[in-house]
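Peer 1: One file: my_file.txt (compact mmCIF, N, CA and C atoms).
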# COMPACT_ATOMS: atom_id res chain seq x y z
N MET Y 1 -93.87 9.39 148.47
CA MET Y 1 -94.24 9.04 147.12
C MET Y 1 -93.58 10.04 146.18
N ASN Y 2 -92.93 9.55 145.14
CA ASN Y 2 -92.26 10.39 144.17
C ASN Y 2 -92.80 10.10 142.78
N THR Y 3 -93.09 11.14 142.06
CA THR Y 3 -93.37 11.00 140.63
C THR Y 3 -92.64 12.14 139.94
N GLN Y 4 -92.09 11.86 138.81
CA GLN Y 4 -91.34 12.86 138.07
C GLN Y 4 -92.14 13.30 136.85
N PRO Y 5 -92.28 14.61 136.66
CA PRO Y 5 -93.06 15.09 135.52
C PRO Y 5 -92.41 14.81 134.17
N ASN Y 6 -91.10 14.59 134.15
CA ASN Y 6 -90.43 14.38 132.87
C ASN Y 6 -90.47 12.94 132.40
N GLY Y 7 -91.13 12.06 133.15
CA GLY Y 7 -91.31 10.69 132.70
C GLY Y 7 -90.21 9.72 133.12
N ILE Y 8 -89.20 10.19 133.85
CA ILE Y 8 -88.16 9.26 134.29
C ILE Y 8 -88.77 8.20 135.19
N LEU Y 9 -89.55 8.62 136.16
CA LEU Y 9 -90.31 7.70 136.99
C LEU Y 9 -91.79 7.99 136.72
N ASP Y 10 -92.42 7.14 135.96
CA ASP Y 10 -93.82 7.37 135.64
C ASP Y 10 -94.72 6.47 136.49
N PHE Y 11 -94.22 6.10 137.68
CA PHE Y 11 -94.98 5.29 138.62
C PHE Y 11 -94.70 5.81 140.02
N LYS Y 12 -95.55 5.46 140.94
CA LYS Y 12 -95.40 5.90 142.32
C LYS Y 12 -94.34 5.05 143.02
N VAL Y 13 -93.53 5.70 143.85
CA VAL Y 13 -92.50 5.02 144.62
C VAL Y 13 -92.81 5.25 146.10
N TYR Y 14 -92.89 4.15 146.85
CA TYR Y 14 -93.19 4.22 148.28
C TYR Y 14 -92.01 3.68 149.07
N PRO Y 15 -91.70 4.27 150.21
CA PRO Y 15 -90.63 3.71 151.04
C PRO Y 15 -91.07 2.38 151.65
N LEU Y 16 -90.12 1.47 151.86
CA LEU Y 16 -90.43 0.18 152.46
C LEU Y 16 -90.65 0.33 153.95
N LYS Y 17 -91.53 -0.49 154.48
CA LYS Y 17 -91.76 -0.53 155.92
C LYS Y 17 -90.51 -1.11 156.57
N GLU Y 18 -90.00 -0.43 157.55
CA GLU Y 18 -88.78 -0.86 158.24
C GLU Y 18 -89.13 -1.58 159.54
N ASN Y 19 -88.19 -2.33 160.07
CA ASN Y 19 -88.29 -2.98 161.38
C ASN Y 19 -89.51 -3.88 161.52
N ILE Y 20 -89.86 -4.59 160.49
CA ILE Y 20 -91.02 -5.48 160.58
C ILE Y 20 -90.73 -6.62 161.55
N LEU Y 21 -89.47 -7.05 161.65
CA LEU Y 21 -89.12 -8.13 162.56
C LEU Y 21 -89.40 -7.74 164.00
N SER Y 22 -89.08 -6.52 164.37
CA SER Y 22 -89.31 -6.07 165.75
C SER Y 22 -90.79 -5.92 166.07
N SER Y 23 -91.63 -5.79 165.05
CA SER Y 23 -93.07 -5.66 165.30
C SER Y 23 -93.76 -7.02 165.36
N GLY Y 24 -93.03 -8.09 165.09
CA GLY Y 24 -93.61 -9.43 165.09
C GLY Y 24 -93.76 -10.01 166.48
N VAL Y 25 -94.66 -10.98 166.59
CA VAL Y 25 -94.93 -11.66 167.86
C VAL Y 25 -94.72 -13.16 167.64
N GLY Y 26 -94.03 -13.80 168.54
CA GLY Y 26 -93.80 -15.24 168.47
C GLY Y 26 -92.32 -15.56 168.43
N ASN Y 27 -92.00 -16.80 168.76
CA ASN Y 27 -90.60 -17.23 168.86
C ASN Y 27 -90.03 -17.81 167.58
N ASN Y 28 -90.87 -18.09 166.57
CA ASN Y 28 -90.42 -18.55 165.26
C ASN Y 28 -89.54 -19.80 165.33
N ARG Y 29 -89.86 -20.73 166.21
CA ARG Y 29 -89.04 -21.95 166.38
C ARG Y 29 -89.11 -22.89 165.18
N LYS Y 30 -90.18 -22.80 164.39
CA LYS Y 30 -90.30 -23.68 163.22
C LYS Y 30 -90.17 -22.92 161.90
N GLY Y 31 -89.69 -21.68 161.96
CA GLY Y 31 -89.43 -20.93 160.74
C GLY Y 31 -90.66 -20.58 159.94
N LEU Y 32 -91.75 -20.25 160.63
CA LEU Y 32 -93.00 -19.91 159.97
C LEU Y 32 -93.30 -18.43 160.15
N PHE Y 33 -93.37 -17.70 159.04
CA PHE Y 33 -93.78 -16.30 159.07
C PHE Y 33 -95.25 -16.22 158.71
N VAL Y 34 -96.01 -15.43 159.47
CA VAL Y 34 -97.42 -15.21 159.18
C VAL Y 34 -97.63 -13.71 159.11
N GLY Y 35 -97.95 -13.22 157.91
CA GLY Y 35 -98.24 -11.80 157.72
C GLY Y 35 -99.73 -11.61 157.55
N CYS Y 36 -100.31 -10.76 158.38
CA CYS Y 36 -101.76 -10.55 158.38
C CYS Y 36 -102.09 -9.08 158.14
N LYS Y 37 -102.97 -8.85 157.20
CA LYS Y 37 -103.45 -7.49 156.95
C LYS Y 37 -104.47 -7.15 158.03
N GLY Y 38 -104.35 -5.95 158.58
CA GLY Y 38 -105.30 -5.50 159.59
C GLY Y 38 -104.66 -5.44 160.96
N THR Y 39 -105.51 -5.35 161.95
CA THR Y 39 -105.05 -5.32 163.33
C THR Y 39 -105.63 -6.53 164.05
N PRO Y 40 -104.90 -7.06 165.01
CA PRO Y 40 -105.40 -8.24 165.70
C PRO Y 40 -106.65 -7.93 166.51
N ARG Y 41 -107.66 -8.75 166.32
CA ARG Y 41 -108.91 -8.67 167.09
C ARG Y 41 -109.16 -10.06 167.66
N PRO Y 42 -109.96 -10.19 168.68
CA PRO Y 42 -110.21 -11.52 169.25
C PRO Y 42 -110.66 -12.55 168.21
N GLU Y 43 -111.52 -12.15 167.27
CA GLU Y 43 -112.02 -13.08 166.27
C GLU Y 43 -110.92 -13.54 165.31
N THR Y 44 -110.08 -12.59 164.88
CA THR Y 44 -109.03 -12.95 163.93
C THR Y 44 -107.94 -13.77 164.62
N LEU Y 45 -107.60 -13.42 165.85
CA LEU Y 45 -106.61 -14.20 166.60
C LEU Y 45 -107.10 -15.62 166.85
N GLU Y 46 -108.38 -15.77 167.17
CA GLU Y 46 -108.93 -17.10 167.40
C GLU Y 46 -108.87 -17.94 166.13
N LEU Y 47 -109.29 -17.36 165.00
CA LEU Y 47 -109.24 -18.08 163.73
C LEU Y 47 -107.81 -18.48 163.37
N LEU Y 48 -106.89 -17.54 163.47
CA LEU Y 48 -105.49 -17.82 163.13
C LEU Y 48 -104.92 -18.89 164.04
N THR Y 49 -105.18 -18.81 165.33
CA THR Y 49 -104.68 -19.80 166.28
C THR Y 49 -105.20 -21.18 165.95
N LYS Y 50 -106.49 -21.29 165.65
CA LYS Y 50 -107.08 -22.60 165.31
C LYS Y 50 -106.50 -23.17 164.02
N MET Y 51 -106.32 -22.31 163.01
CA MET Y 51 -105.76 -22.78 161.74
C MET Y 51 -104.34 -23.30 161.93
N LEU Y 52 -103.54 -22.56 162.69
CA LEU Y 52 -102.16 -22.98 162.91
C LEU Y 52 -102.09 -24.25 163.76
N GLN Y 53 -102.96 -24.35 164.76
CA GLN Y 53 -103.01 -25.58 165.57
C GLN Y 53 -103.36 -26.80 164.71
N ALA Y 54 -104.31 -26.62 163.80
CA ALA Y 54 -104.70 -27.73 162.92
C ALA Y 54 -103.54 -28.15 162.01
N ALA Y 55 -102.64 -27.21 161.71
CA ALA Y 55 -101.47 -27.52 160.88
C ALA Y 55 -100.26 -27.89 161.74
N LYS Y 56 -100.49 -28.10 163.05
CA LYS Y 56 -99.45 -28.55 163.99
C LYS Y 56 -98.44 -27.46 164.34
N PHE Y 57 -98.92 -26.20 164.42
CA PHE Y 57 -98.07 -25.08 164.84
C PHE Y 57 -98.67 -24.41 166.07
N ASP Y 58 -97.82 -24.06 167.00
CA ASP Y 58 -98.22 -23.25 168.14
C ASP Y 58 -97.92 -21.79 167.77
N ILE Y 59 -98.94 -20.95 167.81
CA ILE Y 59 -98.79 -19.57 167.34
C ILE Y 59 -97.70 -18.80 168.09
N ALA Y 60 -97.56 -19.04 169.39
CA ALA Y 60 -96.59 -18.30 170.19
C ALA Y 60 -95.17 -18.85 170.06
N GLU Y 61 -95.04 -20.16 169.91
CA GLU Y 61 -93.72 -20.77 169.90
C GLU Y 61 -93.16 -21.00 168.51
N ASP Y 62 -93.99 -21.40 167.57
CA ASP Y 62 -93.50 -21.88 166.28
C ASP Y 62 -93.49 -20.85 165.17
N ALA Y 63 -94.19 -19.74 165.35
CA ALA Y 63 -94.37 -18.78 164.27
C ALA Y 63 -93.91 -17.38 164.66
N LEU Y 64 -93.72 -16.55 163.66
CA LEU Y 64 -93.52 -15.12 163.81
C LEU Y 64 -94.70 -14.47 163.11
N VAL Y 65 -95.57 -13.81 163.86
CA VAL Y 65 -96.79 -13.22 163.32
C VAL Y 65 -96.64 -11.70 163.30
N CYS Y 66 -96.86 -11.11 162.13
CA CYS Y 66 -96.80 -9.66 161.97
C CYS Y 66 -98.14 -9.17 161.44
N TRP Y 67 -98.68 -8.16 162.08
CA TRP Y 67 -99.93 -7.54 161.65
C TRP Y 67 -99.58 -6.24 160.95
N LEU Y 68 -100.05 -6.09 159.73
CA LEU Y 68 -99.77 -4.92 158.92
C LEU Y 68 -101.06 -4.16 158.69
N SER Y 69 -101.12 -2.95 159.21
CA SER Y 69 -102.38 -2.22 159.21
C SER Y 69 -102.61 -1.39 157.96
N ASP Y 70 -101.65 -1.31 157.09
CA ASP Y 70 -101.86 -0.53 155.87
C ASP Y 70 -101.29 -1.28 154.68
N ASP Y 71 -101.31 -0.66 153.52
CA ASP Y 71 -100.82 -1.30 152.30
C ASP Y 71 -99.37 -0.95 151.99
N GLN Y 72 -98.62 -0.52 152.99
CA GLN Y 72 -97.24 -0.13 152.76
C GLN Y 72 -96.39 -1.35 152.45
N PRO Y 73 -95.60 -1.29 151.39
CA PRO Y 73 -94.76 -2.43 151.02
C PRO Y 73 -93.67 -2.69 152.06
N PHE Y 74 -93.20 -3.93 152.10
CA PHE Y 74 -92.06 -4.28 152.93
C PHE Y 74 -91.24 -5.31 152.16
N SER Y 75 -90.04 -5.56 152.61
CA SER Y 75 -89.16 -6.49 151.92
C SER Y 75 -89.13 -7.81 152.69
N PHE Y 76 -89.85 -8.80 152.17
CA PHE Y 76 -89.83 -10.10 152.81
C PHE Y 76 -88.45 -10.73 152.72
N SER Y 77 -87.74 -10.51 151.62
CA SER Y 77 -86.41 -11.10 151.49
C SER Y 77 -85.47 -10.54 152.56
N SER Y 78 -85.58 -9.26 152.90
CA SER Y 78 -84.77 -8.71 153.99
C SER Y 78 -85.14 -9.35 155.31
N LEU Y 79 -86.44 -9.51 155.54
CA LEU Y 79 -86.91 -10.16 156.76
C LEU Y 79 -86.40 -11.60 156.82
N ARG Y 80 -86.45 -12.28 155.70
CA ARG Y 80 -86.00 -13.67 155.65
C ARG Y 80 -84.51 -13.78 155.94
N ASN Y 81 -83.74 -12.77 155.55
CA ASN Y 81 -82.31 -12.75 155.85
C ASN Y 81 -82.06 -12.55 157.35
N GLU Y 82 -82.95 -11.85 158.03
CA GLU Y 82 -82.80 -11.59 159.46
C GLU Y 82 -83.30 -12.75 160.32
N ALA Y 83 -84.31 -13.45 159.86
CA ALA Y 83 -84.92 -14.53 160.64
C ALA Y 83 -84.87 -15.82 159.81
N ASP Y 84 -84.81 -16.93 160.47
CA ASP Y 84 -84.76 -18.22 159.79
C ASP Y 84 -86.18 -18.62 159.39
N ILE Y 85 -86.59 -18.25 158.20
CA ILE Y 85 -87.96 -18.49 157.74
C ILE Y 85 -87.93 -19.42 156.53
N SER Y 86 -88.67 -20.52 156.64
CA SER Y 86 -88.75 -21.46 155.52
C SER Y 86 -90.15 -21.52 154.92
N ASN Y 87 -91.16 -21.04 155.67
CA ASN Y 87 -92.54 -21.01 155.19
C ASN Y 87 -93.15 -19.66 155.53
N ALA Y 88 -93.99 -19.17 154.63
CA ALA Y 88 -94.63 -17.88 154.87
C ALA Y 88 -96.10 -17.94 154.45
N LEU Y 89 -96.96 -17.55 155.36
CA LEU Y 89 -98.40 -17.42 155.09
C LEU Y 89 -98.73 -15.94 155.05
N PHE Y 90 -99.44 -15.52 154.02
CA PHE Y 90 -99.84 -14.13 153.90
C PHE Y 90 -101.36 -14.06 153.82
N PHE Y 91 -101.97 -13.36 154.75
CA PHE Y 91 -103.41 -13.21 154.80
C PHE Y 91 -103.76 -11.77 154.43
N GLY Y 92 -104.26 -11.60 153.20
CA GLY Y 92 -104.66 -10.28 152.72
C GLY Y 92 -103.50 -9.43 152.24
N ILE Y 93 -102.34 -10.01 152.10
CA ILE Y 93 -101.15 -9.30 151.66
C ILE Y 93 -100.71 -9.90 150.33
N PRO Y 94 -100.80 -9.14 149.25
CA PRO Y 94 -100.40 -9.68 147.94
C PRO Y 94 -98.88 -9.77 147.83
N PRO Y 95 -98.39 -10.62 146.92
CA PRO Y 95 -96.94 -10.77 146.76
C PRO Y 95 -96.22 -9.44 146.54
N LYS Y 96 -96.79 -8.57 145.75
CA LYS Y 96 -96.13 -7.29 145.44
C LYS Y 96 -95.89 -6.47 146.70
N GLN Y 97 -96.85 -6.46 147.62
CA GLN Y 97 -96.69 -5.70 148.86
C GLN Y 97 -95.54 -6.26 149.70
N ALA Y 98 -95.32 -7.57 149.63
CA ALA Y 98 -94.25 -8.22 150.38
C ALA Y 98 -92.91 -8.16 149.64
N GLY Y 99 -92.90 -7.53 148.48
CA GLY Y 99 -91.67 -7.43 147.71
C GLY Y 99 -91.28 -8.73 147.04
N ILE Y 100 -92.27 -9.60 146.80
CA ILE Y 100 -92.02 -10.89 146.16
C ILE Y 100 -92.56 -10.82 144.75
N ASN Y 101 -91.69 -10.96 143.77
CA ASN Y 101 -92.07 -10.81 142.37
C ASN Y 101 -92.50 -12.15 141.78
N VAL Y 102 -93.70 -12.59 142.17
CA VAL Y 102 -94.26 -13.83 141.63
C VAL Y 102 -95.73 -13.60 141.28
N ASN Y 103 -96.21 -14.42 140.38
CA ASN Y 103 -97.62 -14.42 140.05
C ASN Y 103 -98.24 -15.63 140.74
N ALA Y 104 -98.55 -15.48 142.03
CA ALA Y 104 -99.04 -16.61 142.83
C ALA Y 104 -100.56 -16.65 142.81
N GLN Y 105 -101.08 -17.85 142.74
CA GLN Y 105 -102.52 -18.05 142.83
C GLN Y 105 -102.92 -18.17 144.30
N PRO Y 106 -104.04 -17.56 144.70
CA PRO Y 106 -104.48 -17.71 146.08
C PRO Y 106 -104.70 -19.18 146.43
N TYR Y 107 -104.34 -19.53 147.65
CA TYR Y 107 -104.55 -20.86 148.23
C TYR Y 107 -103.71 -21.95 147.57
N GLN Y 108 -102.69 -21.57 146.81
CA GLN Y 108 -101.80 -22.53 146.16
C GLN Y 108 -100.38 -22.27 146.66
N PRO Y 109 -99.80 -23.19 147.46
CA PRO Y 109 -98.41 -22.99 147.90
C PRO Y 109 -97.47 -22.91 146.71
N ILE Y 110 -96.47 -22.06 146.84
CA ILE Y 110 -95.47 -21.91 145.79
C ILE Y 110 -94.09 -21.88 146.45
N SER Y 111 -93.17 -22.71 145.94
CA SER Y 111 -91.83 -22.79 146.51
C SER Y 111 -90.86 -22.04 145.60
N ILE Y 112 -90.08 -21.16 146.23
CA ILE Y 112 -89.10 -20.36 145.51
C ILE Y 112 -87.89 -20.16 146.43
N GLY Y 113 -86.72 -20.48 145.93
CA GLY Y 113 -85.49 -20.19 146.66
C GLY Y 113 -85.43 -20.75 148.07
N GLY Y 114 -85.90 -21.96 148.27
CA GLY Y 114 -85.80 -22.59 149.58
C GLY Y 114 -86.89 -22.21 150.56
N ALA Y 115 -87.87 -21.46 150.11
CA ALA Y 115 -88.99 -21.10 150.99
C ALA Y 115 -90.30 -21.40 150.27
N THR Y 116 -91.34 -21.68 151.05
CA THR Y 116 -92.66 -21.92 150.49
C THR Y 116 -93.57 -20.79 150.93
N TYR Y 117 -94.30 -20.25 149.95
CA TYR Y 117 -95.17 -19.10 150.18
C TYR Y 117 -96.62 -19.51 149.94
N PHE Y 118 -97.52 -18.85 150.67
CA PHE Y 118 -98.94 -19.14 150.56
C PHE Y 118 -99.70 -17.83 150.75
N PHE Y 119 -100.54 -17.49 149.77
CA PHE Y 119 -101.30 -16.24 149.81
C PHE Y 119 -102.78 -16.55 149.91
N SER Y 120 -103.45 -15.83 150.80
CA SER Y 120 -104.85 -16.08 151.10
C SER Y 120 -105.59 -14.75 151.24
N ALA Y 121 -106.90 -14.84 151.28
CA ALA Y 121 -107.71 -13.68 151.63
C ALA Y 121 -107.35 -13.26 153.06
N SER Y 122 -107.73 -12.06 153.43
CA SER Y 122 -107.45 -11.60 154.80
C SER Y 122 -108.29 -12.39 155.79
N LEU Y 123 -107.87 -12.40 157.03
CA LEU Y 123 -108.63 -13.09 158.07
C LEU Y 123 -110.03 -12.50 158.21
N ASP Y 124 -110.16 -11.19 158.07
CA ASP Y 124 -111.48 -10.56 158.14
C ASP Y 124 -112.38 -11.06 157.01
N GLU Y 125 -111.82 -11.21 155.81
CA GLU Y 125 -112.60 -11.72 154.68
C GLU Y 125 -113.02 -13.17 154.92
N ILE Y 126 -112.14 -13.95 155.51
CA ILE Y 126 -112.46 -15.35 155.78
C ILE Y 126 -113.55 -15.46 156.83
N ILE Y 127 -113.51 -14.60 157.84
CA ILE Y 127 -114.57 -14.59 158.85
C ILE Y 127 -115.89 -14.18 158.22
N ALA Y 128 -115.86 -13.19 157.34
CA ALA Y 128 -117.09 -12.71 156.69
C ALA Y 128 -117.64 -13.71 155.68
N ASN Y 129 -116.76 -14.52 155.08
CA ASN Y 129 -117.18 -15.49 154.07
C ASN Y 129 -116.61 -16.87 154.43
N PRO Y 130 -117.29 -17.63 155.27
CA PRO Y 130 -116.78 -18.93 155.72
C PRO Y 130 -116.48 -19.92 154.59
N ASP Y 131 -117.04 -19.72 153.40
CA ASP Y 131 -116.74 -20.61 152.27
C ASP Y 131 -115.26 -20.56 151.89
N LEU Y 132 -114.56 -19.50 152.29
CA LEU Y 132 -113.14 -19.38 151.99
C LEU Y 132 -112.29 -20.31 152.84
N LYS Y 133 -112.85 -20.83 153.92
CA LYS Y 133 -112.09 -21.73 154.79
C LYS Y 133 -111.71 -23.03 154.08
N ARG Y 134 -112.57 -23.50 153.20
CA ARG Y 134 -112.30 -24.77 152.51
C ARG Y 134 -111.06 -24.69 151.63
N PRO Y 135 -110.94 -23.72 150.70
CA PRO Y 135 -109.71 -23.67 149.91
C PRO Y 135 -108.48 -23.31 150.75
N LEU Y 136 -108.70 -22.53 151.80
CA LEU Y 136 -107.60 -22.19 152.69
C LEU Y 136 -107.04 -23.45 153.35
N TRP Y 137 -107.91 -24.26 153.93
CA TRP Y 137 -107.46 -25.46 154.60
C TRP Y 137 -106.87 -26.47 153.62
N ALA Y 138 -107.45 -26.60 152.44
CA ALA Y 138 -106.90 -27.51 151.43
C ALA Y 138 -105.48 -27.10 151.06
N GLY Y 139 -105.26 -25.81 150.87
CA GLY Y 139 -103.92 -25.32 150.53
C GLY Y 139 -102.93 -25.50 151.67
N MET Y 140 -103.39 -25.25 152.91
CA MET Y 140 -102.49 -25.41 154.05
C MET Y 140 -102.13 -26.88 154.27
N LYS Y 141 -103.10 -27.78 154.03
CA LYS Y 141 -102.81 -29.20 154.16
C LYS Y 141 -101.74 -29.61 153.16
N GLY Y 142 -101.85 -29.09 151.94
CA GLY Y 142 -100.84 -29.39 150.93
C GLY Y 142 -99.49 -28.82 151.28
N MET Y 143 -99.47 -27.65 151.84
CA MET Y 143 -98.21 -26.98 152.18
C MET Y 143 -97.49 -27.68 153.34
N PHE Y 144 -98.26 -28.06 154.35
CA PHE Y 144 -97.65 -28.60 155.56
C PHE Y 144 -97.78 -30.11 155.70
N GLY Y 145 -98.43 -30.77 154.75
CA GLY Y 145 -98.54 -32.22 154.77
C GLY Y 145 -99.34 -32.77 155.94
N VAL Y 146 -100.41 -32.08 156.32
CA VAL Y 146 -101.25 -32.55 157.42
C VAL Y 146 -102.54 -33.13 156.88
Do you think you could lay out the structure here as structure tokens?
Peer 2:
Amino acid sequence: MNTQPNGILDFKVYPLKENILSSGVGNNRKGLFVGCKGTPRPETLELLTKMLQAAKFDIAEDALVCWLSDDQPFSFSSLRNEADISNALFFGIPPKQAGINVNAQPYQPISIGGATYFFSASLDEIIANPDLKRPLWAGMKGMFGV
């Protein structure tokens, strides 16, 4: 983190998380990136697997799933250049953390530059508050046409 006392940089600067592609799990056969805040637990993996199955995705074959345990920013555009990604689901990861400069509404798919993005509460929040499943599923149905 860098801050300059003379006002040149009057905001905090954090290094980007590197090698996010190598930390991902899945074969990404359908170009689906899934970024999840936290660490994988049986409950969160079960929820994620069921949601993706309902949207006609196999978590191991069709998606690239990355678990991010902190709030460190990363460059989704760099990741997208390395992997063939056309859709991205973010659970608990705001656009700014992913290096995406958009004002996206939660549970509303947004298409930019040939990719569709979807931002949601974290899987832990969804487990704690089952009422969040309804807008999540409505948004995913719109995004994937199921």
Peer 1: Find the residues around range 66-81 of chain Y up to 6 Å (only C-alpha atoms counted), leave out those fewer than 4 positions away in its own chain, and share them as a PyMOL selection string.
Peer 2: chain Y and resi 16-17+24+35-39+85+97-99
Peer 1: Please give the complete set of residues from range 8-134 of chain Y that DSSP, run on the backbone, assigns to helix (DSSP H, G or I), formatted as a VMD selection string.
Peer 2: chain Y and resid 42 to 54 76 to 82 123 to 128 130 to 134
Peer 1: Using only C-alpha atoms, pick whichever of Y:Ala104, Y:Ala88, Y:Ala121, Y:Val65 has the shortest atom-to-atom distance to Leu136 in chain Y.
Peer 2: Y:Ala121
Peer 1: Excluding Ala63 in chain Y and any residue of its chain fewer than 5 positions from it, enumerate the residues within 6 Å of it, using all atoms listed in the file, and give them as a JSON list (two decimals) with N, CA and C atoms, in the coordinates of the input.
Peer 2:
[["chain", "number", "residue", "atom", "x", "y", "z"],
["Y", 25, "VAL", "N", -94.66, -10.98, 166.59],
["Y", 25, "VAL", "CA", -94.93, -11.66, 167.86],
["Y", 25, "VAL", "C", -94.72, -13.16, 167.64],
["Y", 26, "GLY", "N", -94.03, -13.80, 168.54],
["Y", 26, "GLY", "CA", -93.80, -15.24, 168.47],
["Y", 26, "GLY", "C", -92.32, -15.56, 168.43],
["Y", 27, "ASN", "N", -92.00, -16.80, 168.76],
["Y", 27, "ASN", "CA", -90.60, -17.23, 168.86],
["Y", 27, "ASN", "C", -90.03, -17.81, 167.58],
["Y", 28, "ASN", "N", -90.87, -18.09, 166.57],
["Y", 28, "ASN", "CA", -90.42, -18.55, 165.26],
["Y", 28, "ASN", "C", -89.54, -19.80, 165.33],
["Y", 29, "ARG", "N", -89.86, -20.73, 166.21],
["Y", 29, "ARG", "CA", -89.04, -21.95, 166.38],
["Y", 29, "ARG", "C", -89.11, -22.89, 165.18],
["Y", 30, "LYS", "N", -90.18, -22.80, 164.39],
["Y", 30, "LYS", "CA", -90.30, -23.68, 163.22],
["Y", 30, "LYS", "C", -90.17, -22.92, 161.90],
["Y", 31, "GLY", "N", -89.69, -21.68, 161.96],
["Y", 31, "GLY", "CA", -89.43, -20.93, 160.74],
["Y", 31, "GLY", "C", -90.66, -20.58, 159.94],
["Y", 32, "LEU", "N", -91.75, -20.25, 160.63],
["Y", 32, "LEU", "CA", -93.00, -19.91, 159.97],
["Y", 32, "LEU", "C", -93.30, -18.43, 160.15],
["Y", 33, "PHE", "N", -93.37, -17.70, 159.04],
["Y", 33, "PHE", "CA", -93.78, -16.30, 159.07],
["Y", 33, "PHE", "C", -95.25, -16.22, 158.71],
["Y", 34, "VAL", "N", -96.01, -15.43, 159.47],
["Y", 34, "VAL", "CA", -97.42, -15.21, 159.18],
["Y", 34, "VAL", "C", -97.63, -13.71, 159.11],
["Y", 58, "ASP", "N", -97.82, -24.06, 167.00],
["Y", 58, "ASP", "CA", -98.22, -23.25, 168.14],
["Y", 58, "ASP", "C", -97.92, -21.79, 167.77]]
Peer 1: Check range 34-66 of chain Y with DSSP on the backbone and list each residue it calls strand (DSSP E or B), as a list in words.
Peer 2: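 DSSP-assigned strand (DSSP E or B) residues in range 34-66 of chain Y: Val34, Gly35, Cys36, Lys37, Ala63, Leu64, Val65 and Cys66 of chain Y.
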Peer 1: Have a look at CA of Gln53 in chain Y and CA of Val102 in chain Y and let me know their distance in Å, one decimal.
Peer 2: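 Between CA of Gln53 in chain Y and CA of Val102 in chain Y the gap works out to 28.1 Å.
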Peer 1: Please compute the atom N of Ile126 in chain Y-atom C of Phe91 in chain Y distance, one decimal, in Å.
Peer 2: 8.7 Å
Peer 1: Counting all atoms listed in the file, which of Y:Leu132, Y:Gln108, Y:Ala138, Y:Leu123 gets nearest to Leu47 in chain Y?
Peer 2: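 Closest candidate: Y:Leu123.
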Peer 1: Using only C-alpha atoms, find the one residue out of Y:Asn87, Y:Gly139, Y:Asp62, Y:Asn129 that sits nearest to Pro106 in chain Y.
Peer 2: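 Smallest distance to Pro106 in chain Y is found for Y:Gly139.
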Peer 1: Have a look at CA of Pro109 in chain Y and atom C of Pro135 in chain Y and let me know their distance in Å, one decimal.
Peer 2: 10.5 Å
Peer 1: From the options Y:Ile93, Y:Leu64, Y:Ala83, Y:Met143, which residue's atoms come nearest to Ile110 in chain Y, counting all atoms listed in the file?
Peer 2: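 Among the listed residues, Y:Met143 lies closest to Ile110 in chain Y.
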Peer 1: From the list Y:Leu48, Y:Ile100, Y:Leu89, Y:Asp131, which residue is nearest Thr116 in chain Y when using only N, CA and C atoms?
Peer 2: Y:Leu89
